[in-house]
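S.K.: Next up, upload-v9.txt (compact mmCIF, C-alpha atoms).
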```txt
# COMPACT_ATOMS: atom_id res chain seq x y z
CA MET A 1 -23.12 29.26 14.65
CA ILE A 2 -21.21 30.27 11.49
CA VAL A 3 -17.93 29.11 13.08
CA GLU A 4 -19.43 25.71 13.98
CA PHE A 5 -20.84 25.33 10.46
CA ARG A 6 -17.43 26.16 8.98
CA LYS A 7 -15.74 23.54 11.20
CA LEU A 8 -18.31 20.95 10.16
CA PHE A 9 -17.84 21.87 6.49
CA LEU A 10 -14.03 21.59 6.73
CA PHE A 11 -14.28 18.24 8.51
CA THR A 12 -16.71 16.94 5.87
CA LEU A 13 -14.37 18.13 3.11
CA PHE A 14 -11.40 16.40 4.77
CA LEU A 15 -13.38 13.17 5.21
CA SER A 16 -14.53 13.18 1.58
CA GLN A 17 -10.92 13.60 0.41
CA GLN A 18 -9.88 10.60 2.49
CA LEU A 19 -12.76 8.51 1.16
CA SER A 20 -12.03 9.52 -2.43
CA SER A 21 -8.43 8.38 -2.00
CA GLY A 22 -9.79 4.89 -1.28
CA PHE A 23 -8.03 4.76 2.07
CA VAL A 24 -9.65 5.89 5.32
CA GLN A 25 -6.79 6.49 7.69
CA SER A 26 -6.96 4.87 11.09
CA ALA A 27 -4.45 3.89 13.73
CA PRO A 28 -4.19 0.13 14.35
CA ASN A 29 -6.21 -1.42 17.17
CA ALA A 30 -4.42 -3.30 19.93
CA ASP A 31 -5.48 -6.60 18.34
CA THR A 32 -4.40 -5.65 14.80
CA PRO A 33 -1.41 -7.81 13.76
CA SER A 34 1.55 -5.60 12.93
CA PHE A 35 4.93 -6.51 11.55
CA TYR A 36 8.31 -5.25 10.39
CA LEU A 37 9.73 -5.97 6.94
CA VAL A 38 13.28 -7.32 7.02
CA SER A 39 15.50 -7.81 3.98
CA SER A 40 16.84 -11.16 2.88
CA SER A 41 19.71 -11.00 0.40
CA ALA A 42 22.95 -12.68 -0.59
CA SER A 43 24.57 -9.23 -0.36
CA SER A 44 25.50 -7.08 2.63
CA SER A 45 21.88 -5.86 2.66
CA ASN A 46 20.83 -9.00 4.54
CA LEU A 47 18.68 -8.94 7.71
CA LEU A 48 18.07 -5.19 7.73
CA PRO A 49 14.68 -3.64 8.59
CA LEU A 50 12.89 -1.37 6.14
CA ARG A 51 13.21 2.11 7.68
CA MET A 52 11.29 5.35 7.43
CA SER A 53 13.13 8.60 6.72
CA ALA A 54 15.09 10.13 9.59
CA GLY A 55 13.60 13.26 11.11
CA GLY A 56 10.07 12.33 10.06
CA GLY A 57 8.30 9.39 8.51
CA GLY A 58 7.63 10.73 5.01
CA GLY A 59 10.09 10.22 2.17
CA PRO A 60 12.14 7.39 0.73
CA ALA A 61 12.38 3.98 2.37
CA SER A 62 15.84 2.65 3.21
CA LEU A 63 17.59 -0.23 4.91
CA LEU A 64 20.33 1.88 6.49
CA GLY A 65 20.42 5.12 8.47
CA SER A 66 18.84 6.40 11.65
CA GLY A 67 15.19 6.32 10.57
CA THR A 68 12.65 4.37 12.59
CA PRO A 69 11.99 0.79 11.42
CA ALA A 70 8.52 0.89 9.85
CA ARG A 71 5.68 -0.97 11.61
CA PHE A 72 3.24 -2.28 9.00
CA TYR A 73 -0.32 -3.59 9.22
CA PHE A 74 -3.24 -4.11 6.88
CA TYR A 75 -6.32 -1.89 7.10
CA GLN A 76 -9.31 -2.61 4.87
CA GLY A 77 -7.07 -4.72 2.64
CA GLU A 78 -4.42 -2.03 2.14
CA LEU A 79 -0.92 -1.88 3.56
CA ALA A 80 -0.57 0.85 6.19
CA VAL A 81 2.35 2.07 8.30
CA HIS A 82 2.07 3.12 11.95
CA ASP A 83 2.98 6.77 12.48
CA PRO A 84 6.12 6.84 14.68
CA ASP A 85 4.77 10.06 16.26
CA ASP A 86 1.65 8.12 17.35
CA SER A 87 -0.85 10.29 15.51
CA SER A 88 -4.07 8.68 14.33
CA PHE A 89 -3.08 9.16 10.67
CA PRO A 90 -0.79 6.39 9.49
CA TYR A 91 1.55 6.44 6.54
CA ARG A 92 1.22 4.47 3.33
CA LEU A 93 3.96 2.72 1.41
CA LEU A 94 3.97 3.53 -2.29
CA ILE A 95 6.03 2.84 -5.36
CA ASN A 96 7.05 6.22 -6.69
CA THR A 97 6.97 5.44 -10.40
CA ILE A 98 7.20 8.58 -12.48
CA PRO A 99 5.56 9.80 -15.70
CA ALA A 100 7.27 8.77 -18.92
CA ALA A 101 6.42 8.77 -22.62
CA GLY A 102 3.25 6.73 -23.04
CA GLY A 103 2.52 6.27 -19.33
CA CYS A 104 4.57 5.55 -16.22
CA THR A 105 7.97 3.94 -15.71
CA ASN A 106 8.37 0.22 -14.90
CA PHE A 107 10.30 1.03 -11.72
CA GLY A 108 10.17 3.37 -8.77
CA ALA A 109 11.60 4.07 -5.36
CA LEU A 110 9.70 2.94 -2.27
CA HIS A 111 8.35 5.96 -0.40
CA PHE A 112 6.27 6.63 2.69
CA VAL A 113 3.51 9.25 2.52
CA GLN A 114 0.71 10.42 4.79
CA GLY A 115 -2.52 10.72 2.82
CA THR A 116 -1.90 10.64 -0.91
CA SER A 117 0.93 11.62 -3.20
CA THR A 118 0.66 14.33 -5.84
CA ASN A 119 2.41 11.91 -8.21
CA LYS A 120 -0.28 10.52 -10.52
CA CYS A 121 1.90 7.48 -11.30
CA ALA A 122 2.37 6.45 -7.65
CA SER A 123 1.03 2.97 -6.82
CA TYR A 124 -0.39 1.94 -3.43
CA GLU A 125 -3.02 -0.73 -3.77
CA SER A 126 -1.18 -3.81 -5.00
CA PHE A 127 1.00 -4.71 -1.99
CA GLN A 128 0.26 -8.18 -0.66
CA LEU A 129 1.86 -10.83 1.51
CA GLN A 130 2.69 -14.20 -0.04
CA SER A 131 3.65 -17.27 1.97
CA ASN A 132 7.09 -18.67 1.30
CA GLN A 133 6.72 -21.07 -1.62
CA GLN A 134 9.15 -23.63 -0.16
CA ASP A 135 7.67 -23.70 3.35
CA SER A 136 4.91 -21.50 4.77
CA GLN A 137 6.55 -21.72 8.20
CA LEU A 138 9.42 -19.60 6.87
CA GLY A 139 7.23 -16.48 6.89
CA ALA A 140 5.50 -14.21 4.42
CA GLU A 141 7.10 -12.08 1.73
CA LEU A 142 5.97 -8.65 0.51
CA VAL A 143 5.04 -8.70 -3.17
CA PHE A 144 3.67 -6.09 -5.55
CA ASN A 145 1.22 -7.27 -8.23
CA PHE A 146 2.91 -10.68 -7.90
CA THR A 147 5.46 -9.51 -10.46
CA GLY A 148 8.85 -7.80 -10.44
CA GLY A 149 10.89 -7.44 -7.27
CA PHE A 150 12.68 -5.18 -4.82
CA TYR A 151 16.29 -4.01 -5.11
CA VAL A 152 18.99 -2.12 -3.26
CA CYS A 153 21.07 -0.01 -5.65
CA ASN A 154 24.58 1.47 -5.51
CA SER A 155 25.03 0.10 -1.98
CA GLY A 156 22.77 2.85 -0.70
CA ALA A 157 24.72 5.69 -2.31
CA GLU A 158 22.93 8.48 -4.12
CA VAL A 159 21.68 7.31 -7.47
CA SER A 160 21.90 9.48 -10.57
CA PHE A 161 20.85 8.39 -14.01
CA VAL A 162 19.03 9.57 -17.09
CA LEU A 163 15.76 7.97 -18.12
CA LYS A 164 15.07 6.95 -21.68
CA THR A 165 12.77 9.96 -21.86
CA GLY A 166 15.77 12.25 -21.28
CA VAL A 167 14.59 13.28 -17.80
CA SER A 168 17.42 13.54 -15.31
CA LEU A 169 16.57 11.92 -11.98
CA LYS A 170 18.42 11.99 -8.70
CA ASP A 171 17.11 9.99 -5.80
CA CYS A 172 18.86 8.97 -2.60
CA SER A 173 16.28 6.27 -1.91
CA LYS A 174 17.92 2.97 -1.16
CA VAL A 175 15.08 0.55 -1.93
CA TRP A 176 13.55 0.25 -5.40
CA TYR A 177 10.86 -1.80 -7.12
CA LYS A 178 11.43 -2.94 -10.70
CA ILE A 179 9.32 -5.01 -13.05
CA ASN A 180 12.46 -6.03 -14.97
CA SER A 181 15.91 -6.17 -13.39
CA GLY A 182 17.37 -3.96 -16.15
CA ASP A 183 14.91 -1.11 -15.53
CA GLY A 184 15.92 2.10 -13.76
CA PRO A 185 19.14 2.51 -11.77
CA SER A 186 22.04 0.13 -12.30
CA ASP A 187 24.41 -1.57 -9.84
CA CYS A 188 21.47 -3.16 -8.01
CA VAL A 189 21.12 -6.38 -6.05
CA PRO A 190 17.78 -8.12 -5.51
CA ILE A 191 16.35 -8.34 -2.00
CA ARG A 192 13.30 -10.00 -0.53
CA LEU A 193 11.28 -8.36 2.24
CA TYR A 194 9.93 -10.80 4.84
CA THR A 195 7.59 -10.15 7.74
CA VAL A 196 8.73 -10.26 11.36
CA PRO A 197 5.97 -9.87 13.98
CA VAL A 198 5.94 -6.87 16.31
CA TYR A 199 5.70 -7.97 19.96
```
Would you mind writing the file's structure down as structure tokens?
M.R.:
Amino acid sequence: MIVEFRKLFLFTLFLSQQLSSGFVQSAPNADTPSFYLVSSSASSSNLLPLRMSAGGGGGPASLLGSGTPARFYFYQGELAVHDPDDSSFPYRLLINTIPAAGGCTNFGALHFVQGTSTNKCASYESFQLQSNQQDSQLGAELVFNFTGGFYVCNSGAEVSFVLKTGVSLKDCSKVWYKINSGDGPSDCVPIRLYTVPVY
């Protein structure tokens, strides 16, 4: 009886943590539309799928490498990512902005995480799809807060720079979000991420 009560207590605790994060994790149903995100760019980063980290889904997003192309869907209005290991707990895409003087930075690497990040500046909730402004038949584009944009920096090489706060940052993530093009790492080219249906 005590063992059953403990199991029930632990399950209730886990469920309350998921509810408090604002995102109840669930695998997509068979009728849930899912899609890949593919880059569009004038650079060599054109027509490449957004990939999860190799050897496991969590970590920085990239356009190159051996990681699995991420399968996205929306659940309760939030962007979710199908777990490549087919567990019932999907990943989330986040912008890994970091603490800085007076708040959080205006840029961050795209990361995948199961559950929630320990980074208090990480942003999840503002990903949306926007129809192509020239012709809706051309597909939908991923946007964040309808401002800023996505970038590939240093041709995918490891990025090292010093923030204005004096914090040294190294990140091998290949895809970044910036509010202003001059924020964060240099040697970046803009990309757009468009949906391609999963069949």
S.K.: List the neighbours of Asn180 of chain A out to 9 Å using only C-alpha atoms; skip same-chain residues closer than 6 positions along the sequence, and give me the result as a list of chain:residue names.
M.R.: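 Listed by chain and then number, they are A:Asn106, A:Phe107, A:Gly148, A:Gly149.
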S.K.: Please list as a ChimeraX atom specification every residue within 6 Å of segment 94-103 of chain A, counting all atoms listed in the file and excluding residues in the same chain fewer than 4 positions away.
M.R.: /A:107-111,121-124
S.K.: If you measure from atom CA of Ala61 of chain A to atom CA of Val113 of chain A, what distance in Å do you get, rounded to one decimal?
M.R.: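 Separation of atom CA of Ala61 of chain A and atom CA of Val113 of chain A: 10.3 Å.
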S.K.: What gap, in Å, lies between atom CA of Asn145 of chain A and atom CA of Tyr177 of chain A?
M.R.: 11.1 Å
S.K.: Using only C-alpha atoms, which of A:Thr195, A:Gln133, A:Ser41, A:Thr147 sits nearest Ala70 of chain A?
M.R.: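 Looking at the shortest contact to Ala70 of chain A, the residue is A:Thr195.
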S.K.: Got a sec: who's within 9 Å of Leu64 of chain A, counting all atoms listed in the file, leaving out chain neighbours fewer than 3 positions off, as a list of chain:residue names?
M.R.: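 So, after excluding close chain neighbours, the residues are A:Ser45, A:Leu48, A:Pro49, A:Leu50, A:Arg51, A:Gly67, A:Gly156, A:Lys174.
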S.K.: Between atom CA of Gly65 of chain A and atom CA of Thr32 of chain A, what distance in Å does the model show, to one decimal?
M.R.: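 Atom-to-atom, atom CA of Gly65 of chain A to atom CA of Thr32 of chain A, that is 27.8 Å.
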S.K.: In terms of the shortest atom-to-atom distance over all atoms listed in the file, which of A:Phe150, A:Val196, A:Gly115, A:Ile179 is closest to Pro69 of chain A?
M.R.: A:Val196
S.K.: Applying 7 Å and all atoms listed in the file, which residues near Ser131 of chain A remain after dropping the ones on its own chain fewer than 3 positions away? List them as a list in words.
M.R.: Ser136, Gly139, Ala140 and Glu141 of chain A
S.K.: Need to verify the contact set: Phe74 of chain A, 9 Å, only C-alpha atoms, exclusion of same-chain residues closer than 6 positions in sequence. Can you return it as a PyMOL selection string?
M.R.: chain A and resi 28+32-34+80-81
S.K.: Which residue gives the smallest distance to Glu78 of chain A among A:Ser53, A:Ser62, A:Gln128, A:Ser43, with all atoms listed in the file counted?
M.R.: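 Using all atoms listed in the file, Glu78 of chain A sits closest to A:Gln128.
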S.K.: Starting from the point (1.9, -6.1, 11.1), work out which residues of protein, DNA or RNA have an atom no more than 7 Å away when counting all atoms listed in the file; state them as a ChimeraX atom specification.
M.R.: /A:33-36,71-74,197-198
S.K.: I'd like to know which of A:Val152, A:Cys104, A:Leu79, A:Phe112 is closest to Leu63 of chain A, using only C-alpha atoms.
M.R.: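 Selected residue with least distance to Leu63 of chain A: A:Val152.
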S.K.: Would you mind telling me which residue in A:Leu93, A:Met52, A:Leu138, A:Ala42 lies nearest to Tyr194 of chain A when using all atoms listed in the file?
M.R.: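 Checking each candidate against Tyr194 of chain A, we get A:Leu138 as the closest.
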